[in-house]
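One structure is given here, and the rest of the page talks about it.
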Amino acid sequence: MAEKTAVNPGAARSQEAGAPRPPEAPKLLPHKLLGTSYFLERLYPGDRVKRFLEIFGAVLKYTNYGHLVDTYARVGAKCANCACACQIYLATKDPRDVPCYRTNLLLEIYRRHFTFRGMVQSKVTGAVYLTQEKISELAESVYHCTGCRRCSFECPMGIDHGLVTHLSRYILSEMDITPKALVVATREQLEGKTGNTSAIPVAALLDTLDFLADDIKDEKGVRVEFPVDKEGREFVFFPAVSDYLLEAETLKGIALTFHAAGEADRWTIGTGYYDGINYGLFYSDWCAERIVNKEIDETHRLNGRKILIGECGHASRSAKVFVPSFAGAKGAVPVVNIMEVTIDMLRRGKLKLDPNVITERVTYHDPCNIARTGWIVDQPREILRAFCKNYVDMEPKGEKNYCCGGGGGTVSVDEIRRYRTGVTGKLKAEQIRRTGATYVVAPCANCKKQLREVCEDHGLEGVQVVGLHDLLYKAIVLGGGEGKP
Amino acid sequence: MNSWVAWARGPFLYLAFSVLAVGALRQWALAIGELARAHRMAGDQKVPWRWMFKKSLGWIVPVNALRGTRIPFTIASAVFHAGMLVVPVFLAGHVALIEKGIGIGWPTLPAGAADALTLAALAGLGVLLLYRLVERAARFLSGPQDYLLLVLCITAFLTGYLVAHPDRSPLPFTLMYLAHLLSAELILVLIPFSKLAHALLFASTRIVWELGWHFVPGGGDKVRAALGKAGEPV
C-alpha cells in the first residue's frame, strides 16, 4: 500500500547545471551521496506540474501568502548576505544551499506563472517554466533547510527565508510530497485512535505517570503528584508527547519543581489530549490549525486558563503563534513555556537549589523556535546560573545561535541522519566541543534527539544532552515544608 | 547630438519621472491594499509596530551588521546607498534644472561634498560588483539583471562626475552628458519594474514578513476545498 519512493535529488540538480553555475566551481558531491533523500508515502499520480500550479494558485487565493510572495519576488536583491549566516552553506559551501537560492526556486515559479510579465514571457517563448525536475529540486531543497531562520537576521530586504521554505513545503504537502515520517505521525495525531504523534494510549500514559511518580518516591523520598484531568487549574500541560517515552527525567523535573514550590495545584495533564507536537509548523497550515485547535479544546474542556508547553521549541512557538492566529487574538488562551513558569518560581524564592550537585561544566543550547525572537533566552540561563557553578555559553548564542541541525522536522526523518549530523549538525558539534561541557542543556525534544546523534557521530563521548528540568531534578532541595509559605 | 540632449533633458525626463511616479503609486496602492487585506483576513490582528520599525531602522543604519561577517559589503552598500539618495536630490546642477522646469528649488550640496559622495558611491559600487564576481554564493545567485543594474548605476555616477569635471573627461562633454541623462533616466524607469523596487517597498517589507506569519483561520480548509480534497484524511 504505502509505496516507498525517494525523491531523487541527483537528477534534478544535474539538469540545472547549465544556467548560472560558475564553470570553475569545484565538483560538488551529489546530495544523494550526502544522504538527503527522504521517503514519501505516495506520489501524486497525475500531472504534477499542473497540480503544483493549481495548489499554488489556491494557496495564493485563500491565505496571506499572496502579497508576501509578490513583495519578495519584486525586492529580492540576491546579495548573498544570508549565506554567511547559514550553517548549512557554511558546512557544504554548496551555493544551492544559500537561503536566497532556495527562496528563489519558489519565487521564480511565482514570477513565471502568476505575474503579468511571466504570462507575457511564456506567451512569447511558448515554454512552460515549471517542470517535474524543478519540483524535485524544490522538494529536496526545502528539506535540506532546518527552518532555523538564522538567515532572516541577515537579509537587508527583510525576506524571511524560513517562511518561504514553510510555504514551499506547504504547497508540496498538498501533493503528498512530505517526508513519510512527518505525515504518519500527524495522521495518528489528527485521525488515529490515540490522537497523538507517538501513538501513546491513555492507559499507557497513566501507567507512565504512575511509574514516574514511583521513581521520584524512590529517588527523592517524596510522593509527587502528576495531576490528571483536574479542572479549573491555571495550566493545562502539553509536552512533546515523545517525552513520555524518552524524557522521563525532564517530566520528573517538572513535576518536582511544581511540588517543591508548593504549587502543584497550578497544573494538570489532560487525558483528552496531551501532545504539544505540531508538525504543521513544518509543512502544513491545514494541519497546524487542526492541531492547535485540539490544544485549545482540551484547555477549554478542563476549564484551564493557560496552555503550558513543556520543554519543546517548536511546540512552544507553534502554540504561541498559532493559538492567536487561528483562534483570534481577542480572548485567545495565553501560551507559556515551562521555563517561564520555573523562572517565576525561582525569582519568587519558591525553589531552593543545591549548588554543589552539578559540579561538571554546563552549557546551554538555544532551541531556534524559542530563542530566535528573543522570547526565551535569558530565563534558562538565569535558572542554570542559580545552581551550576561551572556554566559556560556557546558562541554565537541566544537569538543568533546555530540550529542543532535537526530543525524543521528533519530530526524525525531517520533516513537522513547522515546529512543531519554530518552537514547540518557540523557547526553545532564544533561549538559543543569548544565549550568542553559535560552537560549540554537543550530544552527541546527535537534538539535533544538531534544533539545526542550529533555527539555520537562526532565522537563527543563524554557529553550528556539533557533537559533543563533534568538538572533541576537533581539540584532541588526538598525542605519538607513544601506548599507552606 | 545636441538635439538628442535636448530631447533627453526635456520630454524623456518628464516621461521617466512620470513612469516612476505612476509605477510607485501603483506599487504603494497595491501594497497598502494587500496589507490591509492580509490584516483583515488574519486571525491575530495584533501587529508589533515598534519591533518592525526598529528592525527596518536597523537596516537603514546597519550598525548591527558591522559586527557581522561581511563588513566590507555592509560598508560599501551603506556608502553607495547614501550617495544614491543624497547626490541626485541635492546636487546643485539637478536642483537648478528642476527649478527651471517647475519653479521649485531647495538647498543644495556644496560641490566638494557632492564630489566626495559621488566618488565614495563609485567605490562602494565597485566593491559590490567585486563581491558578485568573486564570492561564490553571490556569483551563483547572480543573473544578468544583477550585473546590468550595477553597471547602470556605475555609469550614471561616473558620467555624472565627468559632466561636473569636463577637464577630466576623456570623451566629449556632450556625449558624457547624454550618457548621464539616459542612464539616470533609465534607472528611474526601471525602479518600479526591477529589483530596484526595494527603493519603493523597503518600508513595508517587515510588515509583510510579520503579517505573513499571521495565518488565516480556515485558510487550509478553503485551499483543500478548492483542490477538491475537502473531507479527505491526512
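Letters A, B, ... mark the chains of the C-alpha cells in the order given; residue numbers begin at 1 per chain; ligand numbers begin at 1, in order shown.
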Practice task
For chain B, list the residues within 6 Å of chain A, counting only C-alpha atoms, and write the list as an MDAnalysis selection string.
Solution key: chainID B and resid 38 43:44 137:138 140 195 197:198 205:206 208 212 214:217 219:220 223 234
Just the selected residues (C-alpha atoms), exported as a PDB file, in the first residue's frame, please.
```pdb
ATOM      1  CA  ALA B  38      -3.903  40.388   4.899  1.00  0.00           C
ATOM      2  CA  GLY B  43      -6.922  35.678  12.876  1.00  0.00           C
ATOM      3  CA  ASP B  44      -4.390  37.522  15.001  1.00  0.00           C
ATOM      4  CA  ALA B 137      27.445  32.337  -3.148  1.00  0.00           C
ATOM      5  CA  ALA B 138      26.812  35.771  -4.653  1.00  0.00           C
ATOM      6  CA  PHE B 140      25.948  31.686  -8.153  1.00  0.00           C
ATOM      7  CA  LYS B 195      14.582  44.612  -8.079  1.00  0.00           C
ATOM      8  CA  ALA B 197      11.617  48.246  -6.440  1.00  0.00           C
ATOM      9  CA  HIS B 198      13.089  47.817  -2.981  1.00  0.00           C
ATOM     10  CA  THR B 205       8.888  44.512   3.844  1.00  0.00           C
ATOM     11  CA  ARG B 206       8.935  43.922   7.615  1.00  0.00           C
ATOM     12  CA  VAL B 208       4.847  41.918   5.009  1.00  0.00           C
ATOM     13  CA  GLY B 212       2.942  36.551   6.599  1.00  0.00           C
ATOM     14  CA  HIS B 214      -0.479  35.763  10.785  1.00  0.00           C
ATOM     15  CA  PHE B 215      -2.200  32.782   9.233  1.00  0.00           C
ATOM     16  CA  VAL B 216      -5.791  32.810   8.072  1.00  0.00           C
ATOM     17  CA  PRO B 217      -8.288  30.810  10.122  1.00  0.00           C
ATOM     18  CA  GLY B 219      -7.472  29.038   5.032  1.00  0.00           C
ATOM     19  CA  GLY B 220      -6.173  25.479   4.900  1.00  0.00           C
ATOM     20  CA  VAL B 223      -7.375  25.548  -0.119  1.00  0.00           C
ATOM     21  CA  VAL B 234      -4.294  13.452   6.174  1.00  0.00           C
TER      22      VAL B 234
END
```
Handout entry: Neighbour list for Ala24 of chain B as a VMD selection string, cut-off 10 Å, only C-alpha atoms, skip fewer than 2 positions in-chain
Key = chain B and resid 18 to 22 26 to 30 191 to 193 197 199 to 201
Problem - Picked from segment 263-440 of chain A by DSSP as strand (DSSP E or B), as a ChimeraX atom specification - result: /A:267-269,306-309,335-337,353,362-364,391-392,439-440
Filtering to C-alpha atoms, could you give me those residues as a PDB file, in the first residue's frame?
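See result.pdb below for the written result:
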```
ATOM      1  CA  TRP A 267      -1.139  22.476  36.583  1.00  0.00           C
ATOM      2  CA  THR A 268      -2.784  19.419  35.112  1.00  0.00           C
ATOM      3  CA  ILE A 269      -2.322  16.924  32.336  1.00  0.00           C
ATOM      4  CA  LYS A 306      -3.351  28.825  30.032  1.00  0.00           C
ATOM      5  CA  ILE A 307      -1.670  26.414  27.681  1.00  0.00           C
ATOM      6  CA  LEU A 308       1.593  25.246  29.238  1.00  0.00           C
ATOM      7  CA  ILE A 309       4.116  23.783  26.814  1.00  0.00           C
ATOM      8  CA  VAL A 335       0.530  30.232  25.910  1.00  0.00           C
ATOM      9  CA  VAL A 336       3.504  29.882  28.249  1.00  0.00           C
ATOM     10  CA  ASN A 337       6.601  27.753  28.182  1.00  0.00           C
ATOM     11  CA  LEU A 353      18.639  24.699  44.724  1.00  0.00           C
ATOM     12  CA  VAL A 362      27.278  23.004  31.801  1.00  0.00           C
ATOM     13  CA  THR A 363      26.385  24.779  28.578  1.00  0.00           C
ATOM     14  CA  TYR A 364      23.062  25.799  27.082  1.00  0.00           C
ATOM     15  CA  TYR A 391      28.331  27.375  33.408  1.00  0.00           C
ATOM     16  CA  VAL A 392      29.667  28.476  30.031  1.00  0.00           C
ATOM     17  CA  TYR A 439      26.153  18.697  30.158  1.00  0.00           C
ATOM     18  CA  VAL A 440      24.550  20.293  27.139  1.00  0.00           C
TER      19      VAL A 440
END
```
Exercise for the section: For Ala123 of chain B, list every protein, DNA or RNA residue within 9 Å, evaluated using only C-alpha atoms, and leave out those in the same chain fewer than 5 positions away; present the list as a count of residues only. Expected result: 5
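Distances to Trp7 of chain B were evaluated for B:Ala226, B:Leu181, B:Leu91, B:Ala164 using only C-alpha atoms, and the minimum falls at B:Leu181.
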